[in-house]
file input-v8.txt (compact mmCIF, C-alpha atoms)
# COMPACT_ATOMS: atom_id res chain seq x y z
CA MET A 123 7.86 63.53 111.39
CA ASN A 124 9.85 62.95 108.17
CA LYS A 125 6.90 64.15 106.13
CA ILE A 126 6.97 67.50 107.86
CA ILE A 127 10.73 67.89 107.47
CA VAL A 128 10.61 67.17 103.73
CA ALA A 129 7.64 69.47 103.21
CA LEU A 130 9.39 72.29 105.01
CA ALA A 131 12.28 71.92 102.58
CA LEU A 132 9.91 72.91 99.80
CA LEU A 133 7.01 74.93 101.05
CA PRO A 134 8.33 77.89 103.06
CA GLY A 135 10.08 79.07 99.91
CA ALA A 136 6.66 79.38 98.31
CA ALA A 137 5.74 82.47 100.30
CA PHE A 138 6.51 85.91 98.98
CA ALA A 139 8.39 88.47 101.00
CA GLY A 140 5.13 90.38 101.17
CA GLY A 141 5.29 92.99 98.44
CA TYR A 142 3.83 91.03 95.54
CA ALA A 143 1.46 93.76 94.31
CA VAL A 144 2.09 94.66 90.67
CA PRO A 145 1.77 98.32 89.55
CA ASN A 146 -1.18 99.17 87.32
CA THR A 147 0.47 98.68 83.91
CA ASN A 148 -2.13 100.64 81.93
CA ALA A 149 0.15 103.08 80.08
CA ARG A 150 -1.55 106.30 81.18
CA ASP A 151 -1.90 105.27 84.82
CA LEU A 152 1.64 103.86 85.01
CA SER A 153 3.19 107.01 83.54
CA MET A 154 1.64 109.00 86.41
CA ALA A 155 2.74 106.44 89.03
CA GLY A 156 -0.78 105.17 89.64
CA SER A 157 -1.96 108.55 90.96
CA VAL A 158 -4.88 108.91 88.51
CA VAL A 159 -7.62 107.54 90.80
CA ALA A 160 -9.55 110.82 90.51
CA GLY A 161 -8.48 111.52 86.91
CA GLN A 162 -9.97 108.65 84.90
CA GLN A 163 -11.12 109.44 81.37
CA ASP A 164 -11.40 106.10 79.52
CA ALA A 165 -12.28 102.40 79.94
CA ALA A 166 -9.41 101.82 82.39
CA ALA A 167 -11.80 103.27 84.99
CA ALA A 168 -13.45 99.81 85.01
CA TYR A 169 -10.46 98.77 87.16
CA VAL A 170 -9.20 101.98 88.77
CA ASN A 171 -12.44 103.77 89.70
CA PRO A 172 -15.71 102.38 88.25
CA ALA A 173 -17.69 105.43 89.40
CA ALA A 174 -15.90 107.48 86.72
CA LEU A 175 -17.48 105.34 83.97
CA SER A 176 -20.70 107.30 84.43
CA GLY A 177 -18.97 110.49 83.26
CA LEU A 178 -17.84 109.07 79.92
CA ASP A 179 -19.79 108.97 76.66
CA GLY A 180 -20.10 106.06 74.22
CA LEU A 181 -17.55 103.32 73.59
CA SER A 182 -14.02 103.24 75.01
CA VAL A 183 -11.40 100.52 74.55
CA VAL A 184 -7.91 100.39 76.10
CA VAL A 185 -5.32 97.67 75.38
CA ASN A 186 -1.78 97.44 76.78
CA ALA A 187 1.29 95.21 76.46
CA SER A 188 3.99 95.45 79.13
CA MET A 189 7.43 94.10 79.94
CA ILE A 190 8.52 93.82 83.60
CA ASP A 191 12.20 93.22 84.35
CA PHE A 192 12.59 92.42 88.07
CA ARG A 193 16.11 91.59 89.21
CA SER A 194 18.00 91.38 92.48
CA THR A 195 21.62 90.95 93.51
CA TRP A 196 22.35 88.95 96.67
CA LYS A 197 25.58 89.56 98.59
CA ALA A 198 26.92 87.53 101.48
CA PHE A 199 27.54 89.48 104.67
CA ASP A 200 31.30 88.84 104.38
CA GLY A 201 31.29 90.45 100.93
CA ASN A 202 33.07 87.52 99.27
CA THR A 203 30.11 86.03 97.39
CA ALA A 204 27.42 87.59 95.22
CA THR A 205 24.75 86.26 92.88
CA GLU A 206 22.42 88.08 90.48
CA SER A 207 19.00 86.69 89.63
CA ASN A 208 18.50 85.63 86.03
CA LEU A 209 17.04 87.98 83.45
CA LYS A 210 13.62 86.57 82.58
CA PRO A 211 11.07 89.33 81.96
CA ALA A 212 7.35 88.98 82.59
CA TRP A 213 4.92 90.13 79.89
CA PRO A 214 1.61 91.09 81.58
CA PRO A 215 -1.17 92.24 79.25
CA SER A 216 -4.21 94.31 80.18
CA ALA A 217 -7.39 95.26 78.34
CA PHE A 218 -10.52 97.23 79.21
CA ALA A 219 -13.73 98.14 77.41
CA SER A 220 -16.66 100.30 78.48
CA TYR A 221 -19.83 101.91 77.22
CA SER A 222 -21.43 104.98 78.79
CA GLY A 223 -24.49 107.11 78.16
CA LYS A 224 -27.28 109.19 79.64
CA ALA A 225 -30.62 108.03 81.02
CA PRO A 226 -33.79 109.90 79.94
CA ASN A 227 -33.62 111.95 83.15
CA GLY A 228 -30.05 113.02 82.32
CA MET A 229 -28.35 110.72 84.82
CA GLY A 230 -25.02 109.45 83.56
CA TRP A 231 -24.28 105.74 83.55
CA GLY A 232 -21.50 103.45 82.40
CA ALA A 233 -20.51 99.78 82.41
CA GLY A 234 -17.12 98.22 81.84
CA VAL A 235 -15.16 94.98 81.75
CA GLY A 236 -11.47 94.27 81.82
CA PHE A 237 -8.56 92.16 82.98
CA ASN A 238 -5.00 92.64 84.17
CA ILE A 239 -2.43 91.10 86.55
CA PRO A 240 -2.64 93.08 89.84
CA PHE A 241 -0.48 90.68 91.89
CA GLY A 242 2.38 88.33 91.12
CA GLY A 243 6.02 87.43 91.43
CA ASN A 244 8.78 86.79 88.92
CA VAL A 245 12.13 85.75 90.44
CA TYR A 246 14.53 83.28 88.83
CA TRP A 247 17.76 82.54 90.72
CA PRO A 248 20.51 80.36 89.17
CA GLY A 249 20.07 76.69 89.94
CA ASN A 250 23.41 76.49 91.72
CA TRP A 251 23.31 79.71 93.73
CA PRO A 252 24.07 79.53 97.49
CA GLY A 253 20.45 80.20 98.42
CA ARG A 254 18.98 77.42 96.28
CA PHE A 255 17.78 75.61 99.42
CA SER A 256 15.53 78.63 100.09
CA ILE A 257 14.25 79.21 96.54
CA ILE A 258 15.23 78.95 92.88
CA THR A 259 12.10 80.00 90.97
CA VAL A 260 9.03 82.03 91.92
CA ASN A 261 6.49 82.38 89.12
CA ARG A 262 3.16 83.56 90.49
CA ARG A 263 0.41 85.33 88.53
CA THR A 264 -2.86 86.64 89.92
CA TYR A 265 -5.23 87.54 87.10
CA GLY A 266 -7.97 90.05 87.83
CA PHE A 267 -11.22 90.05 85.83
CA TYR A 268 -13.50 93.06 86.40
CA PHE A 269 -17.23 93.52 85.74
CA THR A 270 -18.08 97.00 86.97
CA GLY A 271 -20.27 100.04 86.40
CA GLY A 272 -21.15 103.48 87.67
CA VAL A 273 -24.01 105.99 87.84
CA GLN A 274 -24.14 109.74 88.37
CA PRO A 275 -27.27 110.46 90.45
CA ILE A 276 -26.45 114.19 90.67
CA PRO A 277 -23.91 116.26 88.72
CA GLN A 278 -21.37 116.41 91.57
CA ILE A 279 -21.45 112.77 92.67
CA LYS A 280 -20.69 109.50 90.91
CA VAL A 281 -20.86 106.06 92.53
CA GLY A 282 -19.84 102.68 91.20
CA GLY A 283 -18.64 99.18 91.85
CA GLY A 284 -18.98 95.62 90.69
CA LEU A 285 -17.54 92.13 90.82
CA ILE A 286 -13.92 90.96 90.66
CA TYR A 287 -12.72 87.45 89.97
CA TYR A 288 -9.14 86.71 91.05
CA ARG A 289 -7.41 83.66 89.55
CA THR A 290 -3.90 82.74 90.74
CA THR A 291 -1.37 80.32 89.29
CA GLU A 292 1.98 79.61 90.90
CA ASP A 293 5.06 77.57 90.06
CA LEU A 294 7.76 77.29 92.74
CA VAL A 295 11.08 75.49 92.48
CA GLN A 296 13.51 74.80 95.31
CA ALA A 297 16.52 72.56 95.99
CA PHE A 298 16.88 70.56 99.19
CA ASN A 299 19.65 68.62 100.88
CA PHE A 300 18.57 65.70 103.00
CA LEU A 301 20.67 62.76 104.21
CA GLY A 302 23.63 64.21 102.30
CA GLN A 303 21.91 63.96 98.92
CA GLU A 304 20.88 67.05 96.98
CA GLY A 305 17.56 66.95 95.19
CA GLY A 306 14.84 69.24 94.03
CA ALA A 307 11.16 69.94 94.48
CA GLU A 308 8.55 71.83 92.49
CA LEU A 309 5.06 72.94 93.43
CA ALA A 310 2.43 74.00 90.89
CA ALA A 311 -1.01 75.14 92.04
CA ALA A 312 -3.96 77.28 90.95
CA GLY A 313 -7.21 78.62 92.36
CA GLY A 314 -9.59 81.57 92.38
CA LYS A 315 -12.00 83.72 94.37
CA VAL A 316 -14.81 86.19 93.68
CA SER A 317 -14.55 89.61 95.36
CA PHE A 318 -16.11 93.05 94.88
CA ASP A 319 -15.31 96.72 94.25
CA LEU A 320 -16.93 99.92 95.57
CA SER A 321 -16.05 103.44 94.44
CA ALA A 322 -17.18 107.06 94.55
CA GLU A 323 -16.14 110.31 92.90
CA ILE A 324 -17.01 113.83 94.07
CA THR A 325 -16.55 117.18 92.38
CA PRO A 326 -17.21 119.49 95.36
CA ILE A 327 -17.86 122.71 93.44
CA ILE A 328 -19.50 122.84 90.03
CA GLY A 329 -17.30 124.78 87.66
CA VAL A 330 -14.11 124.14 89.66
CA PRO A 331 -12.06 121.28 88.12
CA LEU A 332 -11.22 119.62 91.43
CA THR A 333 -12.18 115.98 91.95
CA ILE A 334 -11.83 113.58 94.88
CA ALA A 335 -12.24 109.83 94.43
CA ILE A 336 -12.10 106.67 96.51
CA ASP A 337 -11.96 103.05 95.38
CA TYR A 338 -12.08 99.93 97.57
CA LYS A 339 -11.41 96.37 96.47
CA HIS A 340 -12.24 93.63 98.98
CA LYS A 341 -9.76 90.89 99.81
CA GLY A 342 -9.85 87.51 98.12
CA ASP A 343 -9.06 84.47 100.27
CA GLN A 344 -8.12 81.81 97.72
CA ARG A 345 -7.51 78.10 98.12
CA LEU A 346 -5.05 76.97 95.48
CA SER A 347 -4.74 73.28 94.63
CA GLY A 348 -2.11 71.41 92.66
CA HIS A 349 0.78 68.98 92.95
CA ALA A 350 4.21 68.75 94.56
CA HIS A 351 6.92 66.92 92.61
CA PHE A 352 10.23 65.67 94.06
CA GLU A 353 13.41 64.77 92.16
CA ASN A 354 16.40 62.71 93.33
CA ALA A 355 14.88 62.19 96.76
CA PRO A 356 16.71 59.70 99.04
CA PRO A 357 15.11 56.24 98.88
CA ALA A 358 15.12 56.15 102.68
CA LEU A 359 12.36 58.75 102.67
CA GLY A 360 10.12 56.33 100.82
CA PRO A 361 6.55 57.49 100.24
CA ASN A 362 7.14 60.80 101.99
CA THR A 363 8.64 62.23 98.78
CA LEU A 364 6.23 60.73 96.30
CA ASP A 365 4.43 63.20 94.01
CA GLN A 366 1.35 64.32 95.91
CA GLY A 367 -1.56 66.70 95.77
CA VAL A 368 -1.34 69.89 97.82
CA THR A 369 -3.55 72.86 98.71
CA HIS A 370 -2.31 76.34 99.58
CA ASP A 371 -4.36 79.09 101.27
CA LEU A 372 -3.41 82.47 99.81
CA SER A 373 -4.96 85.88 100.59
CA ILE A 374 -5.20 88.74 98.10
CA PRO A 375 -5.19 91.87 100.30
CA ASN A 376 -7.87 94.54 100.61
CA LEU A 377 -6.93 97.50 98.43
CA LEU A 378 -7.95 101.11 99.18
CA ASN A 379 -7.09 104.05 96.92
CA VAL A 380 -7.93 107.67 97.72
CA GLY A 381 -7.14 110.23 95.04
CA ILE A 382 -7.38 113.89 94.15
CA ALA A 383 -7.09 115.61 90.76
CA TYR A 384 -7.00 119.30 89.84
CA ARG A 385 -6.85 120.85 86.39
CA VAL A 386 -4.52 123.80 86.93
CA LEU A 387 -4.71 124.87 83.29
CA PRO A 388 -6.99 123.68 80.46
CA THR A 389 -4.15 121.39 79.31
CA LEU A 390 -2.45 120.60 82.67
CA LEU A 391 -3.80 118.00 85.11
CA LEU A 392 -2.17 117.35 88.50
CA THR A 393 -2.97 114.19 90.44
CA GLY A 394 -2.20 112.63 93.81
CA ALA A 395 -3.21 109.42 95.56
CA TRP A 396 -2.69 107.38 98.71
CA THR A 397 -2.83 103.60 98.58
CA LEU A 398 -3.35 101.05 101.35
CA ASP A 399 -2.54 97.44 100.49
CA ARG A 400 -3.84 95.59 103.55
CA PHE A 401 -1.19 92.89 103.58
CA ILE A 402 -1.79 92.35 107.29
CA VAL A 403 -4.44 89.82 106.18
CA TYR A 404 -1.63 87.70 104.70
CA GLN A 405 -0.26 86.32 107.94
CA ARG A 406 0.58 82.78 106.88
CA ASP A 407 1.05 80.27 104.11
CA LEU A 408 -0.86 77.09 104.90
CA PHE A 409 0.04 74.03 102.83
CA VAL A 410 -1.80 70.73 103.17
CA GLY A 411 -0.62 67.61 101.32
CA ASP A 412 -2.94 64.74 100.55
CA LEU A 413 -0.52 62.31 102.25
CA GLY A 414 -1.29 63.89 105.61
CA THR A 415 1.33 66.65 105.72
CA THR A 416 0.31 70.06 107.05
CA VAL A 417 2.73 73.00 107.09
CA ASN A 418 1.81 76.40 108.53
CA VAL A 419 4.43 79.06 107.71
CA THR A 420 3.95 82.28 109.67
CA ARG A 421 4.35 85.52 107.68
CA ASN A 422 4.28 88.51 109.98
CA TYR A 423 3.41 91.14 107.35
CA LYS A 424 2.31 94.67 108.01
CA ASN A 425 0.25 96.94 105.77
CA ASP A 426 1.71 98.59 102.68
CA TYR A 427 1.32 102.38 102.20
CA ILE A 428 2.04 104.23 98.95
CA PHE A 429 2.11 107.97 98.24
CA ARG A 430 1.70 108.88 94.55
CA PHE A 431 1.92 112.09 92.50
CA GLY A 432 1.55 112.74 88.78
CA ALA A 433 1.10 115.35 86.05
CA GLU A 434 -0.28 115.31 82.52
CA LEU A 435 0.30 118.05 79.95
CA GLU A 436 -1.92 117.78 76.87
CA ASP A 437 -0.91 119.32 73.52
CA ALA A 438 2.67 120.00 74.62
CA ILE A 439 2.99 120.17 70.88
CA PRO A 440 -0.06 119.46 68.70
CA LYS A 441 -1.40 115.92 69.32
CA LEU A 442 1.33 115.09 71.88
CA THR A 443 0.66 114.58 75.61
CA LEU A 444 3.46 114.36 78.17
CA ARG A 445 3.11 112.59 81.54
CA ALA A 446 5.28 111.98 84.62
CA GLY A 447 4.87 110.52 88.07
CA ILE A 448 6.66 109.63 91.29
CA LEU A 449 5.77 107.37 94.21
CA ARG A 450 7.13 106.22 97.56
CA ASP A 451 6.13 102.72 98.67
CA MET A 452 6.48 101.76 102.33
CA ALA A 453 6.77 98.01 101.83
CA PRO A 454 4.91 95.49 104.02
CA THR A 455 7.88 93.20 104.63
CA ARG A 456 9.31 93.22 108.13
CA PRO A 457 13.13 92.88 108.25
CA ASP A 458 12.94 89.54 110.04
CA ALA A 459 10.80 88.12 107.19
CA LEU A 460 12.98 89.31 104.28
CA ASN A 461 14.00 86.39 102.06
CA PRO A 462 14.98 85.72 98.43
CA THR A 463 11.54 84.53 97.28
CA ILE A 464 10.87 88.18 96.46
CA PRO A 465 13.49 90.43 98.06
CA ASP A 466 11.18 93.31 98.95
CA SER A 467 11.96 96.67 100.57
CA ASP A 468 10.79 100.29 100.54
CA VAL A 469 10.72 101.71 97.02
CA THR A 470 10.97 105.05 95.24
CA SER A 471 9.73 104.93 91.65
CA LEU A 472 9.82 107.37 88.74
CA ALA A 473 7.73 107.19 85.59
CA PHE A 474 7.64 109.04 82.29
CA GLY A 475 5.23 108.64 79.41
CA LEU A 476 3.67 110.19 76.37
CA GLY A 477 0.57 109.88 74.27
CA TYR A 478 0.25 110.64 70.59
CA GLU A 479 -3.12 111.14 68.89
CA ILE A 480 -2.78 109.19 65.64
CA LYS A 481 -6.19 110.38 64.56
CA PRO A 482 -9.26 111.68 66.44
CA GLY A 483 -10.22 109.08 69.03
CA LEU A 484 -7.13 106.87 68.55
CA VAL A 485 -4.15 107.46 70.87
CA LEU A 486 -0.87 105.57 71.13
CA ASN A 487 0.59 105.64 74.67
CA ALA A 488 4.06 104.63 75.88
CA THR A 489 5.53 104.55 79.40
CA TYR A 490 8.83 103.81 81.14
CA PHE A 491 8.77 103.10 84.90
CA HIS A 492 11.79 102.42 87.14
CA ALA A 493 11.69 101.26 90.76
CA PHE A 494 14.63 102.01 93.06
CA PHE A 495 14.43 99.52 95.96
CA ASP A 496 16.22 100.43 99.18
CA GLU A 497 19.08 98.03 99.90
CA ALA A 498 17.87 95.53 102.49
CA SER A 499 19.59 92.99 104.73
CA THR A 500 18.09 89.97 106.45
CA THR A 501 17.84 89.92 110.23
CA GLY A 502 15.77 86.80 110.93
CA SER A 503 17.42 83.59 112.10
CA ASP A 504 15.16 81.39 109.95
CA VAL A 505 15.90 82.99 106.56
CA PHE A 506 18.82 82.76 104.12
CA PRO A 507 21.23 85.50 105.28
CA GLY A 508 22.54 88.30 103.10
CA THR A 509 21.93 91.71 101.56
CA PHE A 510 19.67 92.31 98.56
CA ASP A 511 20.01 95.10 96.00
CA THR A 512 16.84 95.04 93.89
CA ARG A 513 15.54 97.04 90.94
CA ALA A 514 12.68 96.81 88.48
CA ASN A 515 11.88 98.28 85.08
CA ILE A 516 8.52 98.37 83.33
CA VAL A 517 7.90 99.37 79.72
CA THR A 518 4.31 99.61 78.45
CA ILE A 519 2.86 100.31 75.02
CA GLY A 520 -0.88 100.90 74.83
CA ILE A 521 -3.69 101.91 72.51
CA SER A 522 -6.74 103.92 73.56
CA PHE A 523 -9.69 104.02 71.18
CA ARG A 524 -12.80 106.15 71.52
CA PRO A 525 -14.99 107.01 68.52
CA GLY A 526 -16.73 110.36 68.52
CA ALA A 527 -15.97 113.53 70.44
CA LYS A 528 -14.00 113.63 73.68
CA PRO A 529 -16.23 113.27 76.74
CA ARG A 530 -16.62 116.47 78.73
CA GLY A 531 -17.83 117.12 82.26
CA ASP A 532 -17.20 118.89 85.55
CA SER A 533 -14.61 116.38 86.85
CA ALA A 534 -10.95 117.39 86.69
CA ALA A 535 -10.22 114.74 84.05
CA LEU A 536 -12.96 115.91 81.67
CA PHE A 537 -13.17 119.65 82.40
CA SER A 538 -12.50 121.94 79.38
CA ARG A 539 -11.05 119.09 77.35
call {"tool": "encode", "arguments": {"input": "input-v8.txt", "output": "structure tokens"}}
result
Amino acid sequence: MNKIIVALALLPGAAFAGGYAVPNTNARDLSMAGSVVAGQQDAAAAYVNPAALSGLDGLSVVVNASMIDFRSTWKAFDGNTATESNLKPAWPPSAFASYSGKAPNGMGWGAGVGFNIPFGGNVYWPGNWPGRFSIITVNRRTYGFYFTGGVQPIPQIKVGGGLIYYRTTEDLVQAFNFLGQEGGAELAAAGGKVSFDLSAEITPIIGVPLTIAIDYKHKGDQRLSGHAHFENAPPALGPNTLDQGVTHDLSIPNLLNVGIAYRVLPTLLLTGAWTLDRFIVYQRDLFVGDLGTTVNVTRNYKNDYIFRFGAELEDAIPKLTLRAGILRDMAPTRPDALNPTIPDSDVTSLAFGLGYEIKPGLVLNATYFHAFFDEASTTGSDVFPGTFDTRANIVTIGISFRPGAKPRGDSAALFSR
């Protein structure tokens, strides 16, 4: 019985509040709020929509460096106490490379590879804050590695897909108070899973720069393994608080993106997309210690829906491209599951970016993205009570390299470029 009580002091804090998906930090996609599913024009398609690789030509390389500042302010219901999470930015990189060409029969083809961080969490509360018995540190990273390709069997249709390898690392720190003695516990674990991607892109009418695209990424049910470490545990607990191995079952949700793109003018592209993050598959956190402890923490998540819109104006002045985007994210966290591990809520986000062509084929991109989280208050009886005011900023700098002429085609992204 004591084993279970001690484990519960640590492990429930390991679960996220549900919304641990990270925006696509590729500079062009981020600046249009992730709405460019049907408007891909470089190697980033290896992640966003592999079917679009078959419409490109030759080599394409995209590299990005990002800074994510995620912070939250907790307020007690009586209004007398407040704590702000520590400033500790995350620095997720991303990189993609592809090569495309034409088969002897004229059929387009393309293959790409890449990596990014599509899921994660980055919350650091002060070590002495009132909610330290719920969580102090959440540092989770899910790395995505993509091996994808696409073909264009007929001019109006492209299809694609490939393999995904998800690799997650997590480090979780929490205080506990047992038998009147305050101590601490830390869990570090890692694991991975292979999944797959399927995509398609349709240009309904040849000569009309309107494109519709769909991309599906299958879920990844991972089993993470690692160790739990206890500090200053009461001697009376004996072997129950010895350092021990632990496994954690963690699901990466199915991800569905449906997008549309239309080139209104030769230099103006409008985009829209709808995203389904199927977080309903993440219903629990199951922790199993090698000393016989099993903890099953129920997480009653619902699905996450996002509506995205963007615009891109090329040659606003010679060599300069302007971009902007907006999204509304209907978060998967139910009010009774809200907790400080990641204080999630519905979000409205705005993004602005630009691209400057340094020389033909070499473009420098920059983006600023801000997320306005709705203020959210806990309602569940089993969570640390209070109100959370959360915000996030992302800054990305990227380079896009493509030797040779710009690819051209009937899709909205490549039409009359």
call {"tool": "closest_residue", "arguments": {"input": "input-v8.txt", "among": "A:Gly329, A:Gly483, A:Pro454, A:Pro356", "to": "Val469 in chain A", "atoms": "all atoms listed in the file"}}
result
A:Pro454
call {"tool": "atom_distance", "arguments": {"input": "input-v8.txt", "atom1": "CA of Arg150 in chain A", "atom2": "CA of Ile516 in chain A"}}
result
13.0 Å
call {"tool": "closest_residue", "arguments": {"input": "input-v8.txt", "among": "A:Thr489, A:Gly236, A:Glu353, A:Ser182", "to": "Gln303 in chain A", "atoms": "all atoms listed in the file"}}
result
A:Glu353
call {"tool": "closest_residue", "arguments": {"input": "input-v8.txt", "among": "A:Thr509, A:Thr470, A:Ser157, A:Asn515", "to": "Asp200 in chain A", "atoms": "all atoms listed in the file"}}
result
A:Thr509
call {"tool": "residues_around", "arguments": {"input": "input-v8.txt", "residues": "Tyr478 in chain A", "least_positions_apart": "6", "cutoff": "10 Å", "atoms": "all atoms listed in the file", "output": "ChimeraX atom specification"}}
result
/A:436-437,439-444,484-488,521
call {"tool": "atom_distance", "arguments": {"input": "input-v8.txt", "atom1": "CA of Asn171 in chain A", "atom2": "CA of Ile328 in chain A"}}
result
20.3 Å
call {"tool": "build_atoms", "arguments": {"input": "input-v8.txt", "residues": "range 155-172 of chain A", "atoms": "N, CA and C atoms", "output": "mmCIF file, in the coordinates of the input"}}
result
data_model
loop_
_atom_site.group_PDB
_atom_site.id
_atom_site.type_symbol
_atom_site.label_atom_id
_atom_site.label_comp_id
_atom_site.auth_asym_id
_atom_site.auth_seq_id
_atom_site.Cartn_x
_atom_site.Cartn_y
_atom_site.Cartn_z
ATOM 1 N N ALA A 155 2.438 107.183 87.798
ATOM 2 C CA ALA A 155 2.740 106.440 89.030
ATOM 3 C C ALA A 155 1.496 105.975 89.766
ATOM 4 N N GLY A 156 0.437 105.679 89.022
ATOM 5 C CA GLY A 156 -0.780 105.170 89.640
ATOM 6 C C GLY A 156 -1.555 106.195 90.433
ATOM 7 N N SER A 157 -1.320 107.478 90.181
ATOM 8 C CA SER A 157 -1.960 108.550 90.960
ATOM 9 C C SER A 157 -3.276 109.024 90.364
ATOM 10 N N VAL A 158 -3.780 108.364 89.283
ATOM 11 C CA VAL A 158 -4.880 108.910 88.510
ATOM 12 C C VAL A 158 -6.228 108.356 88.985
ATOM 13 N N VAL A 159 -6.362 108.057 90.254
ATOM 14 C CA VAL A 159 -7.620 107.540 90.800
ATOM 15 C C VAL A 159 -8.767 108.512 90.527
ATOM 16 N N ALA A 160 -8.521 109.800 90.704
ATOM 17 C CA ALA A 160 -9.550 110.820 90.510
ATOM 18 C C ALA A 160 -9.462 111.477 89.133
ATOM 19 N N GLY A 161 -8.666 110.906 88.231
ATOM 20 C CA GLY A 161 -8.480 111.520 86.910
ATOM 21 C C GLY A 161 -8.740 110.571 85.770
ATOM 22 N N GLN A 162 -9.673 109.634 85.947
ATOM 23 C CA GLN A 162 -9.970 108.650 84.900
ATOM 24 C C GLN A 162 -10.776 109.272 83.756
ATOM 25 N N GLN A 163 -10.434 108.870 82.523
ATOM 26 C CA GLN A 163 -11.120 109.440 81.370
ATOM 27 C C GLN A 163 -11.338 108.420 80.242
ATOM 28 N N ASP A 164 -11.152 107.121 80.541
ATOM 29 C CA ASP A 164 -11.400 106.100 79.520
ATOM 30 C C ASP A 164 -11.776 104.783 80.203
ATOM 31 N N ALA A 165 -11.792 103.695 79.444
ATOM 32 C CA ALA A 165 -12.280 102.400 79.940
ATOM 33 C C ALA A 165 -11.447 101.830 81.074
ATOM 34 N N ALA A 166 -10.219 102.298 81.278
ATOM 35 C CA ALA A 166 -9.410 101.820 82.390
ATOM 36 C C ALA A 166 -10.068 102.093 83.737
ATOM 37 N N ALA A 167 -11.043 103.003 83.761
ATOM 38 C CA ALA A 167 -11.800 103.270 84.990
ATOM 39 C C ALA A 167 -12.521 102.018 85.481
ATOM 40 N N ALA A 168 -12.796 101.058 84.601
ATOM 41 C CA ALA A 168 -13.450 99.810 85.010
ATOM 42 C C ALA A 168 -12.652 99.109 86.097
ATOM 43 N N TYR A 169 -11.334 99.325 86.116
ATOM 44 C CA TYR A 169 -10.460 98.770 87.160
ATOM 45 C C TYR A 169 -10.121 99.803 88.234
ATOM 46 N N VAL A 170 -9.740 100.996 87.827
ATOM 47 C CA VAL A 170 -9.200 101.980 88.770
ATOM 48 C C VAL A 170 -10.288 102.617 89.622
ATOM 49 N N ASN A 171 -11.394 103.023 89.005
ATOM 50 C CA ASN A 171 -12.440 103.770 89.700
ATOM 51 C C ASN A 171 -13.735 103.668 88.888
ATOM 52 N N PRO A 172 -14.523 102.593 89.081
ATOM 53 C CA PRO A 172 -15.710 102.380 88.250
ATOM 54 C C PRO A 172 -16.718 103.519 88.272
#
